[in-house]
$ cat target_6.cif   # mmCIF, C-alpha atoms and all ligand atoms
data_upload
loop_
_atom_site.label_atom_id
_atom_site.label_comp_id
_atom_site.auth_asym_id
_atom_site.auth_seq_id
_atom_site.Cartn_x
_atom_site.Cartn_y
_atom_site.Cartn_z
CA MET A 1 -27.24 165.79 -165.54
CA GLU A 2 -30.34 167.82 -164.83
CA LEU A 3 -30.50 170.63 -162.28
CA SER A 4 -32.94 168.81 -160.04
CA SER A 5 -30.88 165.63 -159.85
CA LEU A 6 -27.66 167.62 -159.24
CA ARG A 7 -29.43 169.38 -156.39
CA LEU A 8 -30.62 166.09 -154.96
CA ARG A 9 -27.03 164.90 -154.82
CA ILE A 10 -25.94 168.16 -153.20
CA ASP A 11 -28.68 167.71 -150.57
CA SER A 12 -27.45 164.23 -149.80
CA LEU A 13 -23.84 165.44 -149.41
CA ASP A 14 -25.03 168.27 -147.15
CA ASP A 15 -26.76 165.71 -144.95
CA GLN A 16 -23.50 163.81 -144.61
CA LEU A 17 -21.52 167.00 -143.96
CA LEU A 18 -23.95 167.99 -141.22
CA GLU A 19 -23.72 164.58 -139.61
CA LEU A 20 -19.92 164.70 -139.70
CA LEU A 21 -19.85 168.23 -138.31
CA ASN A 22 -22.10 167.18 -135.43
CA GLU A 23 -19.79 164.23 -134.82
CA ARG A 24 -16.79 166.62 -134.82
CA MET A 25 -18.53 168.94 -132.34
CA LYS A 26 -19.04 166.07 -129.91
CA LEU A 27 -15.26 165.53 -129.84
CA VAL A 28 -14.63 169.26 -129.56
CA LYS A 29 -16.93 169.38 -126.54
CA GLN A 30 -14.87 166.65 -124.91
CA VAL A 31 -11.68 168.59 -125.63
CA GLY A 32 -13.37 171.59 -124.02
CA GLU A 33 -14.18 169.58 -120.90
CA LEU A 34 -10.57 168.37 -120.66
CA LYS A 35 -9.34 171.93 -121.02
CA ARG A 36 -11.68 173.20 -118.34
CA ALA A 37 -10.64 170.40 -115.97
CA THR A 38 -6.97 171.29 -116.48
CA ASN A 39 -7.64 175.03 -116.70
CA THR A 40 -5.92 175.40 -120.07
CA ILE A 41 -6.45 177.74 -122.97
CA ILE A 42 -9.30 177.20 -125.43
CA TYR A 43 -7.95 179.05 -128.47
CA ARG A 44 -4.98 177.22 -129.98
CA PRO A 45 -3.96 178.97 -133.22
CA GLU A 46 -0.95 176.70 -133.72
CA ARG A 47 -3.18 173.59 -133.66
CA GLU A 48 -5.62 175.22 -136.10
CA LYS A 49 -2.76 176.02 -138.47
CA GLN A 50 -1.53 172.43 -138.23
CA ILE A 51 -4.99 171.17 -139.27
CA ILE A 52 -5.18 173.53 -142.26
CA ASP A 53 -1.63 172.63 -143.39
CA ARG A 54 -2.51 168.96 -143.23
CA LEU A 55 -5.80 169.38 -145.11
CA GLU A 56 -4.14 171.45 -147.82
CA LYS A 57 -1.56 168.70 -148.41
CA GLN A 58 -4.24 166.07 -148.46
CA SER A 59 -6.70 167.89 -150.71
CA THR A 60 -7.00 166.59 -154.24
CA GLY A 61 -10.16 168.46 -155.23
CA LEU A 62 -11.14 171.94 -156.35
CA LEU A 63 -10.62 173.69 -153.01
CA SER A 64 -7.62 176.05 -152.79
CA ARG A 65 -5.79 176.72 -149.53
CA SER A 66 -7.71 179.94 -148.98
CA ALA A 67 -11.02 178.16 -149.62
CA ILE A 68 -10.08 175.43 -147.11
CA GLU A 69 -9.04 178.12 -144.67
CA ALA A 70 -12.27 180.11 -145.08
CA ILE A 71 -14.40 177.05 -144.37
CA PHE A 72 -12.35 175.61 -141.54
CA LEU A 73 -11.67 178.87 -139.70
CA GLU A 74 -15.43 179.22 -139.38
CA ILE A 75 -15.68 175.61 -138.13
CA PHE A 76 -12.94 176.26 -135.55
CA ALA A 77 -14.69 179.45 -134.42
CA VAL A 78 -17.97 177.57 -133.91
CA SER A 79 -16.05 174.81 -132.10
CA ARG A 80 -14.42 177.22 -129.69
CA ASN A 81 -17.77 178.81 -129.01
CA LEU A 82 -19.05 175.38 -128.03
CA GLU A 83 -16.05 174.70 -125.78
CA LEU A 84 -16.43 177.99 -123.94
CA PRO A 85 -18.01 181.16 -125.33
CA GLU A 86 -15.43 183.94 -125.01
CA ARG A 87 -15.96 187.63 -125.68
CA ILE A 88 -13.79 189.35 -128.28
CA ALA A 89 -13.23 193.11 -128.25
CA TYR A 90 -12.29 194.84 -131.47
CA LEU A 91 -11.60 198.38 -132.58
CA GLY A 92 -14.84 199.64 -134.07
CA PRO A 93 -16.96 200.84 -135.54
CA GLU A 94 -18.82 197.84 -136.84
CA GLY A 95 -17.87 197.35 -140.48
CA SER A 96 -14.26 198.50 -139.94
CA PHE A 97 -11.36 196.47 -141.28
CA THR A 98 -10.59 195.44 -137.71
CA HIS A 99 -14.12 194.01 -137.51
CA GLN A 100 -13.40 192.06 -140.69
CA ALA A 101 -10.09 190.83 -139.23
CA ALA A 102 -11.80 189.76 -135.97
CA GLU A 103 -14.54 187.87 -137.81
CA SER A 104 -11.98 186.08 -139.94
CA ARG A 105 -10.68 184.39 -136.75
CA PHE A 106 -13.61 184.35 -134.39
CA GLY A 107 -16.38 183.78 -136.92
CA GLY A 108 -19.83 185.12 -137.50
CA MET A 109 -21.15 183.59 -134.27
CA GLY A 110 -18.58 185.16 -131.93
CA GLU A 111 -19.66 187.41 -129.09
CA TYR A 112 -18.15 190.79 -129.89
CA LEU A 113 -17.55 193.94 -127.92
CA VAL A 114 -17.14 196.95 -130.21
CA LEU A 115 -14.96 199.66 -128.67
CA PRO A 116 -14.00 203.11 -129.96
CA THR A 117 -10.26 203.31 -129.18
CA ILE A 118 -7.19 201.09 -129.15
CA HIS A 119 -6.71 202.05 -125.51
CA SER A 120 -10.19 200.78 -124.60
CA ILE A 121 -9.42 197.42 -126.24
CA PHE A 122 -6.31 196.99 -124.07
CA ASP A 123 -8.35 197.96 -120.98
CA SER A 124 -11.16 195.51 -121.75
CA VAL A 125 -8.74 192.57 -122.02
CA GLU A 126 -6.78 193.69 -118.98
CA THR A 127 -9.90 193.87 -116.82
CA GLY A 128 -11.24 190.58 -118.21
CA ARG A 129 -14.34 192.11 -119.82
CA ALA A 130 -13.09 190.46 -123.02
CA SER A 131 -10.84 187.40 -123.37
CA TYR A 132 -9.32 188.65 -126.61
CA GLY A 133 -8.76 192.02 -128.22
CA VAL A 134 -8.14 192.68 -131.90
CA VAL A 135 -6.18 195.81 -132.89
CA PRO A 136 -4.18 196.87 -135.96
CA ILE A 137 -0.41 196.99 -135.48
CA GLU A 138 0.90 197.96 -138.92
CA ASN A 139 0.01 198.62 -142.52
CA ASN A 140 2.54 197.81 -145.19
CA GLN A 141 2.00 201.17 -146.93
CA GLU A 142 1.57 203.48 -143.93
CA GLY A 143 3.81 201.90 -141.26
CA VAL A 144 3.17 200.95 -137.63
CA VAL A 145 0.19 202.00 -135.53
CA ILE A 146 1.98 203.97 -132.83
CA GLU A 147 -0.81 203.74 -130.24
CA THR A 148 -0.75 199.93 -130.39
CA VAL A 149 3.05 199.75 -130.17
CA ASP A 150 3.21 202.15 -127.19
CA LEU A 151 0.44 200.31 -125.31
CA LEU A 152 2.22 196.99 -125.80
CA ARG A 153 5.06 198.44 -123.75
CA GLU A 154 2.86 200.08 -121.15
CA LYS A 155 0.37 197.30 -120.47
CA GLU A 156 0.83 193.68 -119.38
CA LEU A 157 -0.86 191.89 -122.27
CA LEU A 158 0.43 189.25 -124.65
CA ILE A 159 0.08 188.67 -128.37
CA SER A 160 -1.56 185.31 -128.98
CA ALA A 161 -1.80 185.46 -132.78
CA GLU A 162 -1.54 187.74 -135.78
CA ILE A 163 -3.95 188.27 -138.68
CA LEU A 164 -3.01 189.54 -142.11
CA LEU A 165 -5.79 191.23 -144.03
CA PRO A 166 -5.56 192.40 -147.64
CA ILE A 167 -7.21 195.82 -147.67
CA HIS A 168 -9.75 195.84 -150.48
CA PHE A 169 -12.16 198.70 -150.96
CA THR A 170 -15.59 198.38 -152.52
CA PHE A 171 -17.70 201.06 -154.16
CA VAL A 172 -21.28 200.90 -152.93
CA SER A 173 -24.46 202.77 -153.67
CA GLN A 174 -28.22 202.37 -153.62
CA SER A 175 -28.23 203.79 -157.12
CA ASP A 176 -27.43 201.47 -159.99
CA SER A 177 -26.48 204.31 -162.31
CA LEU A 178 -23.27 206.29 -161.74
CA GLN A 179 -24.82 209.38 -163.35
CA VAL A 180 -27.14 209.81 -160.38
CA ILE A 181 -24.31 209.94 -157.83
CA ARG A 182 -23.60 213.43 -156.44
CA ARG A 183 -21.59 212.60 -153.31
CA ILE A 184 -19.06 209.92 -152.35
CA TYR A 185 -18.36 209.32 -148.68
CA SER A 186 -15.24 207.68 -147.28
CA LYS A 187 -12.17 208.16 -145.09
CA ASP A 188 -9.54 210.52 -146.53
CA ILE A 189 -6.99 207.69 -146.63
CA ALA A 190 -9.40 205.56 -148.70
CA PHE A 191 -9.90 208.39 -151.22
CA ARG A 192 -6.10 208.56 -151.55
CA GLN A 193 -5.80 204.80 -152.01
CA CYS A 194 -8.54 204.64 -154.67
CA SER A 195 -7.47 207.69 -156.68
CA LYS A 196 -7.14 205.88 -160.03
CA PHE A 197 -10.68 204.52 -159.83
CA LEU A 198 -12.08 207.93 -158.89
CA ARG A 199 -10.22 209.59 -161.77
CA GLU A 200 -11.40 207.00 -164.24
CA TYR A 201 -15.08 207.05 -163.31
CA PHE A 202 -15.70 210.50 -161.83
CA GLU A 203 -13.12 212.86 -163.37
CA GLU A 204 -15.66 214.65 -165.53
CA ALA A 205 -18.61 214.26 -163.20
CA ASN A 206 -19.80 216.86 -160.76
CA VAL A 207 -19.31 214.72 -157.68
CA GLU A 208 -18.27 215.81 -154.21
CA LEU A 209 -15.83 213.66 -152.19
CA ILE A 210 -16.83 213.92 -148.53
CA PRO A 211 -14.40 212.62 -145.91
CA VAL A 212 -16.00 211.10 -142.77
CA GLU A 213 -14.46 209.44 -139.63
CA SER A 214 -14.79 205.86 -140.83
CA THR A 215 -15.55 203.93 -143.97
CA SER A 216 -18.38 202.29 -142.10
CA LYS A 217 -20.02 205.65 -141.37
CA ALA A 218 -19.61 206.28 -145.11
CA ALA A 219 -21.49 203.06 -145.90
CA LYS A 220 -24.25 204.00 -143.47
CA LEU A 221 -24.72 207.43 -145.09
CA ALA A 222 -24.75 205.86 -148.55
CA SER A 223 -27.41 203.43 -147.39
CA GLN A 224 -29.68 206.40 -146.53
CA GLU A 225 -29.05 208.69 -149.51
CA PRO A 226 -30.00 207.38 -152.96
CA ASP A 227 -27.79 209.92 -154.81
CA ALA A 228 -24.70 209.11 -152.73
CA ALA A 229 -22.07 206.37 -152.77
CA ALA A 230 -19.39 205.17 -150.38
CA ILE A 231 -15.96 203.61 -150.54
CA CYS A 232 -15.84 201.08 -147.73
CA SER A 233 -14.93 197.56 -146.62
CA HIS A 234 -16.85 194.54 -147.80
CA ILE A 235 -18.13 193.90 -144.31
CA ALA A 236 -19.55 197.46 -144.04
CA ALA A 237 -21.40 197.05 -147.33
CA LYS A 238 -22.92 193.84 -146.01
CA LEU A 239 -23.73 195.33 -142.62
CA PHE A 240 -25.65 198.32 -144.02
CA GLY A 241 -27.10 196.40 -146.96
CA VAL A 242 -25.72 198.73 -149.64
CA PRO A 243 -25.25 197.04 -153.04
CA VAL A 244 -21.63 196.68 -154.21
CA LEU A 245 -21.16 198.25 -157.65
CA PHE A 246 -17.39 197.68 -157.90
CA ASP A 247 -15.04 195.48 -155.92
CA ASN A 248 -11.31 195.89 -155.25
CA ILE A 249 -11.10 199.48 -156.45
CA GLU A 250 -7.81 200.26 -154.68
CA ASP A 251 -4.82 201.53 -156.72
CA SER A 252 -2.49 198.86 -155.40
CA ASP A 253 -3.44 195.30 -154.56
CA GLN A 254 -0.40 195.12 -152.28
CA ASN A 255 -2.09 196.96 -149.41
CA ARG A 256 -2.10 194.78 -146.28
CA THR A 257 -2.80 195.44 -142.63
CA ARG A 258 -1.49 193.30 -139.86
CA PHE A 259 -3.61 192.88 -136.74
CA ILE A 260 -2.74 191.27 -133.43
CA ILE A 261 -4.93 189.33 -131.03
CA LEU A 262 -4.24 190.40 -127.46
CA SER A 263 -4.86 188.28 -124.41
CA LYS A 264 -3.69 187.64 -120.87
CA ASN A 265 -1.55 184.65 -119.85
CA PHE A 266 -1.36 183.12 -123.29
CA VAL A 267 1.33 180.65 -124.32
CA ASN A 268 1.40 179.02 -127.75
CA GLN A 269 3.24 175.80 -128.31
CA ARG A 270 5.94 175.79 -130.97
CA SER A 271 4.84 175.34 -134.58
CA GLN A 272 7.00 175.00 -137.69
CA SER A 273 6.94 178.72 -138.30
CA ASP A 274 6.80 181.10 -135.35
CA LYS A 275 7.39 184.75 -134.73
CA THR A 276 8.34 186.42 -131.45
CA THR A 277 7.69 190.04 -130.48
CA LEU A 278 9.49 191.80 -127.66
CA ILE A 279 10.28 195.22 -126.26
CA ALA A 280 13.93 196.09 -125.73
CA ASN A 281 14.92 198.75 -123.22
CA LEU A 282 18.63 198.69 -123.89
CA PRO A 283 20.88 200.17 -121.22
CA ASN A 284 22.13 203.60 -122.28
CA THR A 285 21.80 203.58 -126.05
CA ASN A 286 24.05 206.66 -126.17
CA ARG A 287 27.14 204.48 -125.78
CA PRO A 288 28.52 203.46 -129.18
CA GLY A 289 27.74 199.89 -130.12
CA VAL A 290 24.88 199.10 -127.70
CA LEU A 291 22.30 198.63 -130.45
CA TYR A 292 24.86 197.01 -132.73
CA ASP A 293 25.83 194.47 -130.04
CA PHE A 294 22.19 193.65 -129.42
CA LEU A 295 21.44 193.04 -133.10
CA LYS A 296 24.67 191.07 -133.48
CA ASP A 297 23.46 188.67 -130.80
CA PHE A 298 20.59 187.72 -133.12
CA ASN A 299 22.83 187.44 -136.14
CA ASP A 300 25.41 185.31 -134.27
CA ARG A 301 22.66 182.82 -133.41
CA GLY A 302 21.21 182.73 -136.93
CA ILE A 303 17.96 184.37 -135.83
CA ASN A 304 16.20 186.27 -138.61
CA LEU A 305 15.11 189.74 -137.45
CA ILE A 306 11.87 190.83 -139.08
CA LYS A 307 11.33 194.27 -137.62
CA ILE A 308 12.87 196.86 -135.36
CA GLU A 309 10.92 200.00 -134.60
CA SER A 310 12.28 202.70 -132.33
CA ARG A 311 10.09 204.79 -130.02
CA PRO A 312 11.03 207.65 -127.68
CA LEU A 313 11.64 206.79 -124.02
CA ARG A 314 10.42 210.28 -123.06
CA GLN A 315 13.05 210.55 -120.34
CA GLY A 316 13.51 214.23 -119.62
CA SER A 317 15.04 216.09 -122.54
CA THR A 318 17.07 213.13 -123.84
CA PHE A 319 16.59 211.49 -127.22
CA ARG A 320 16.85 207.95 -125.88
CA SER A 321 14.71 205.20 -127.39
CA TRP A 322 13.23 201.82 -126.74
CA PHE A 323 12.63 199.28 -129.48
CA LEU A 324 9.91 196.96 -130.65
CA VAL A 325 11.72 193.92 -132.02
CA GLU A 326 10.27 191.04 -134.02
CA PHE A 327 12.08 187.95 -135.20
CA GLU A 328 11.53 184.46 -136.52
CA GLY A 329 11.45 181.81 -133.83
CA HIS A 330 9.74 180.77 -130.62
CA TYR A 331 10.52 181.76 -127.04
CA GLU A 332 11.30 178.12 -126.16
CA GLU A 333 14.08 177.75 -128.75
CA PRO A 334 17.52 177.59 -127.08
CA ALA A 335 18.96 180.45 -129.17
CA VAL A 336 16.08 182.73 -128.15
CA GLN A 337 16.40 181.64 -124.51
CA GLU A 338 20.08 182.64 -124.57
CA ILE A 339 19.21 186.16 -125.66
CA MET A 340 16.40 186.44 -123.11
CA GLU A 341 18.79 185.37 -120.34
CA LYS A 342 21.60 187.64 -121.49
CA TYR A 343 19.43 190.78 -121.45
CA GLY A 344 17.17 189.78 -118.55
CA SER A 345 14.87 192.56 -117.42
CA ASN A 346 15.91 194.77 -120.34
CA LEU A 347 13.63 192.66 -122.49
CA LYS A 348 9.89 192.31 -122.20
CA TRP A 349 8.54 189.27 -124.05
CA LEU A 350 5.19 189.92 -125.73
CA GLY A 351 4.47 186.54 -127.26
CA SER A 352 5.55 183.81 -129.66
CA TYR A 353 2.90 182.87 -132.19
CA VAL A 354 2.30 181.39 -135.63
CA ARG A 355 3.94 183.60 -138.24
CA ILE A 356 1.55 184.77 -140.96
CA ALA A 357 3.08 188.07 -142.09
C1 LIG B 1 -10.74 171.50 -130.22
C2 LIG B 1 -9.74 172.29 -129.83
O1 LIG B 1 -9.95 173.65 -129.49
C3 LIG B 1 -9.97 174.72 -130.46
C4 LIG B 1 -10.71 174.27 -131.67
C5 LIG B 1 -10.05 173.56 -132.65
C6 LIG B 1 -10.80 172.73 -133.65
O2 LIG B 1 -11.98 172.98 -133.86
O3 LIG B 1 -10.19 171.79 -134.21
C7 LIG B 1 -8.63 173.58 -132.66
C8 LIG B 1 -7.90 174.31 -131.76
C9 LIG B 1 -8.53 175.14 -130.72
O4 LIG B 1 -8.49 176.49 -131.13
C10 LIG B 1 -8.35 171.79 -129.66
O5 LIG B 1 -7.56 172.45 -128.98
O6 LIG B 1 -8.05 170.70 -130.17
#
$ encode --input "target_6.cif" --output "structure tokens" --more "lines below"
Ligand SMILES: C=C(O[C@@H]1C=C(C(=O)O)C=C[C@H]1O)C(=O)O
Amino acid sequence: MELSSLRLRIDSLDDQLLELLNERMKLVKQVGELKRATNTIIYRPEREKQIIDRLEKQSTGLLSRSAIEAIFLEIFAVSRNLELPERIAYLGPEGSFTHQAAESRFGGMGEYLVLPTIHSIFDSVETGRASYGVVPIENNQEGVVIETVDLLREKELLISAEILLPIHFTFVSQSDSLQVIRRIYSKDIAFRQCSKFLREYFEEANVELIPVESTSKAAKLASQEPDAAAICSHIAAKLFGVPVLFDNIEDSDQNRTRFIILSKNFVNQRSQSDKTTLIANLPNTNRPGVLYDFLKDFNDRGINLIKIESRPLRQGSTFRSWFLVEFEGHYEEPAVQEIMEKYGSNLKWLGSYVRIA
């Protein structure tokens, strides 16, 4: 078929898609009104996951799960915005991986508050300036983000969902010839994680690697200096309009960061695959067997522990610890309830949410 007739057919399908989307938004608006009348939560990650699971099973065409997800997550984000626009705070600067994580859930149309520290994200959600806050909690190569873990214990916020982001770096420059490049800007950690690429392309060249505070600052500098380049996120390249010369230049494609979405008073309903996070302040961990007994309680009930991270209690000169514990399952499951009851105020529940990581 000819290009023009193919495009005519695409136009006609787009018309139908638009009509269907408008139809969908009418229903979403009604859901929003119901929610407002009953004062219930707008964002329901477990329902969104259920929709994507169902669509994936049903799909017989060319779209993969991640393609379905990319399209529908944007539709959900627009829907929620129509139900009730809610502000989302994320750890900046703009163009950071946290920005990319936030946009993957709250879409391009979300109303964002860009804040400079993890602490300020917690504060903004606590005071209600933002309904949700997006912060990193761990990277699979570098470990947990201590500031996030410690604030989860200190503050009274809940985890409503998690986001898993593959960390891909792009190489960007205004120049389309590598010979012209004299400086490469990035974060020191990004230089480390892209060392093979740098060796391969710039070993012989007289190029200076200049570490800056963020990969997004790097992209901004590269956008202003024609003989410079930057290693940054995809979103930063887009934001500062610097052409991408190479994509996915990281040494290992296994690099993932996990982010959490913080909120107040958030309760997810059970889904088929949930994760629970809690803080355990076990009584006197100096007595032999206290930690063992606690972990055994999970094992005895067939609960799969995913993570246990110990942090100092900072009680005088002792070496006592508290623990961040994550396991498979939802707060409402009887086995989890038993543990919560047994340990009572020694446990602080931080949320049960759809397991992604
Ligand atoms: C419409 C709803 O609200 C939100 C939007 C959804 C959607 O667009 O399908 C799904 C879940 C919620 O995050 C709902 O709860 O059903």
$ closest_atom_pairs --input "target_6.cif" --of "stretch 171-198 of chain A" --to "stretch 226-230 of chain A" --cutoff "10 Å" --atoms "only C-alpha atoms" --output "Markdown table"
| residue | atom | partner | partner_atom | distance |
| --- | --- | --- | --- | --- |
| A:Phe171 | CA | A:Ala230 | CA | 5.8 |
| A:Val172 | CA | A:Ala230 | CA | 5.3 |
| A:Ser173 | CA | A:Ala229 | CA | 4.4 |
| A:Gln174 | CA | A:Pro226 | CA | 5.4 |
| A:Ser175 | CA | A:Pro226 | CA | 5.8 |
| A:Asp176 | CA | A:Pro226 | CA | 9.5 |
| A:Ser177 | CA | A:Asp227 | CA | 9.5 |
| A:Leu178 | CA | A:Asp227 | CA | 9.0 |
| A:Gln179 | CA | A:Asp227 | CA | 9.1 |
| A:Val180 | CA | A:Asp227 | CA | 5.6 |
| A:Ile181 | CA | A:Asp227 | CA | 4.6 |
| A:Arg182 | CA | A:Asp227 | CA | 5.7 |
| A:Arg183 | CA | A:Ala228 | CA | 4.7 |
| A:Ile184 | CA | A:Ala229 | CA | 4.7 |
| A:Tyr185 | CA | A:Ala230 | CA | 4.6 |
| A:Ser186 | CA | A:Ala230 | CA | 5.8 |
| A:Lys187 | CA | A:Ala230 | CA | 9.4 |
$ residues_near_ligand --input "target_6.cif" --ligand "ligand LIG 1 (chain B)" --cutoff "8 Å" --atoms "only C-alpha atoms and all ligand atoms" --output "PDB file with C-alpha atoms, in the coordinates of the input"
ATOM      1  CA  MET A  25     -18.530 168.940-132.340  1.00  0.00           C
ATOM      2  CA  LEU A  27     -15.260 165.530-129.840  1.00  0.00           C
ATOM      3  CA  VAL A  28     -14.630 169.260-129.560  1.00  0.00           C
ATOM      4  CA  LYS A  29     -16.930 169.380-126.540  1.00  0.00           C
ATOM      5  CA  VAL A  31     -11.680 168.590-125.630  1.00  0.00           C
ATOM      6  CA  GLY A  32     -13.370 171.590-124.020  1.00  0.00           C
ATOM      7  CA  ILE A  42      -9.300 177.200-125.430  1.00  0.00           C
ATOM      8  CA  TYR A  43      -7.950 179.050-128.470  1.00  0.00           C
ATOM      9  CA  ARG A  44      -4.980 177.220-129.980  1.00  0.00           C
ATOM     10  CA  PRO A  45      -3.960 178.970-133.220  1.00  0.00           C
ATOM     11  CA  GLU A  46      -0.950 176.700-133.720  1.00  0.00           C
ATOM     12  CA  ARG A  47      -3.180 173.590-133.660  1.00  0.00           C
ATOM     13  CA  GLU A  48      -5.620 175.220-136.100  1.00  0.00           C
ATOM     14  CA  ILE A  51      -4.990 171.170-139.270  1.00  0.00           C
ATOM     15  CA  ILE A  75     -15.680 175.610-138.130  1.00  0.00           C
ATOM     16  CA  PHE A  76     -12.940 176.260-135.550  1.00  0.00           C
ATOM     17  CA  ALA A  77     -14.690 179.450-134.420  1.00  0.00           C
ATOM     18  CA  VAL A  78     -17.970 177.570-133.910  1.00  0.00           C
ATOM     19  CA  SER A  79     -16.050 174.810-132.100  1.00  0.00           C
ATOM     20  CA  ARG A  80     -14.420 177.220-129.690  1.00  0.00           C
ATOM     21  CA  GLU A  83     -16.050 174.700-125.780  1.00  0.00           C
TER      22      GLU A  83
END
$ residues_around --input "target_6.cif" --residues "stretch 323-339 of chain A" --least-positions-apart "6" --cutoff "6 Å" --atoms "only C-alpha atoms" --output "PyMOL selection string"
chain A and resi 274-280+304-310+352
$ closest_atom_pairs --input "target_6.cif" --of "stretch 79-140 of chain A" --to "stretch 144-151 of chain A" --cutoff "12 Å" --atoms "all atoms listed in the file" --output "CSV"
residue,atom,partner,partner_atom,distance
A:Leu91,CA,A:Thr148,CA,11.2
A:Thr117,CA,A:Glu147,CA,9.5
A:Ile118,CA,A:Thr148,CA,6.7
A:His119,CA,A:Leu151,CA,7.4
A:Ser120,CA,A:Leu151,CA,10.7
A:Ile121,CA,A:Thr148,CA,9.9
A:Phe122,CA,A:Leu151,CA,7.6
A:Asp123,CA,A:Leu151,CA,10.1
A:Glu126,CA,A:Leu151,CA,11.7
A:Gly133,CA,A:Thr148,CA,11.5
A:Val134,CA,A:Thr148,CA,10.5
A:Val135,CA,A:Thr148,CA,7.3
A:Pro136,CA,A:Val145,CA,6.8
A:Ile137,CA,A:Val145,CA,5.0
A:Glu138,CA,A:Val144,CA,4.0
A:Asn139,CA,A:Val144,CA,6.3
A:Asn140,CA,A:Val144,CA,8.2
$ atom_distance --input "target_6.cif" --atom1 "atom CA of A:Pro85" --atom2 "atom CA of A:Leu34"
15.5 Å
$ closest_residue --input "target_6.cif" --among "A:Leu262, A:Ile303, A:Leu165, A:Leu313" --to "A:Ala357" --atoms "all atoms listed in the file"
A:Leu165
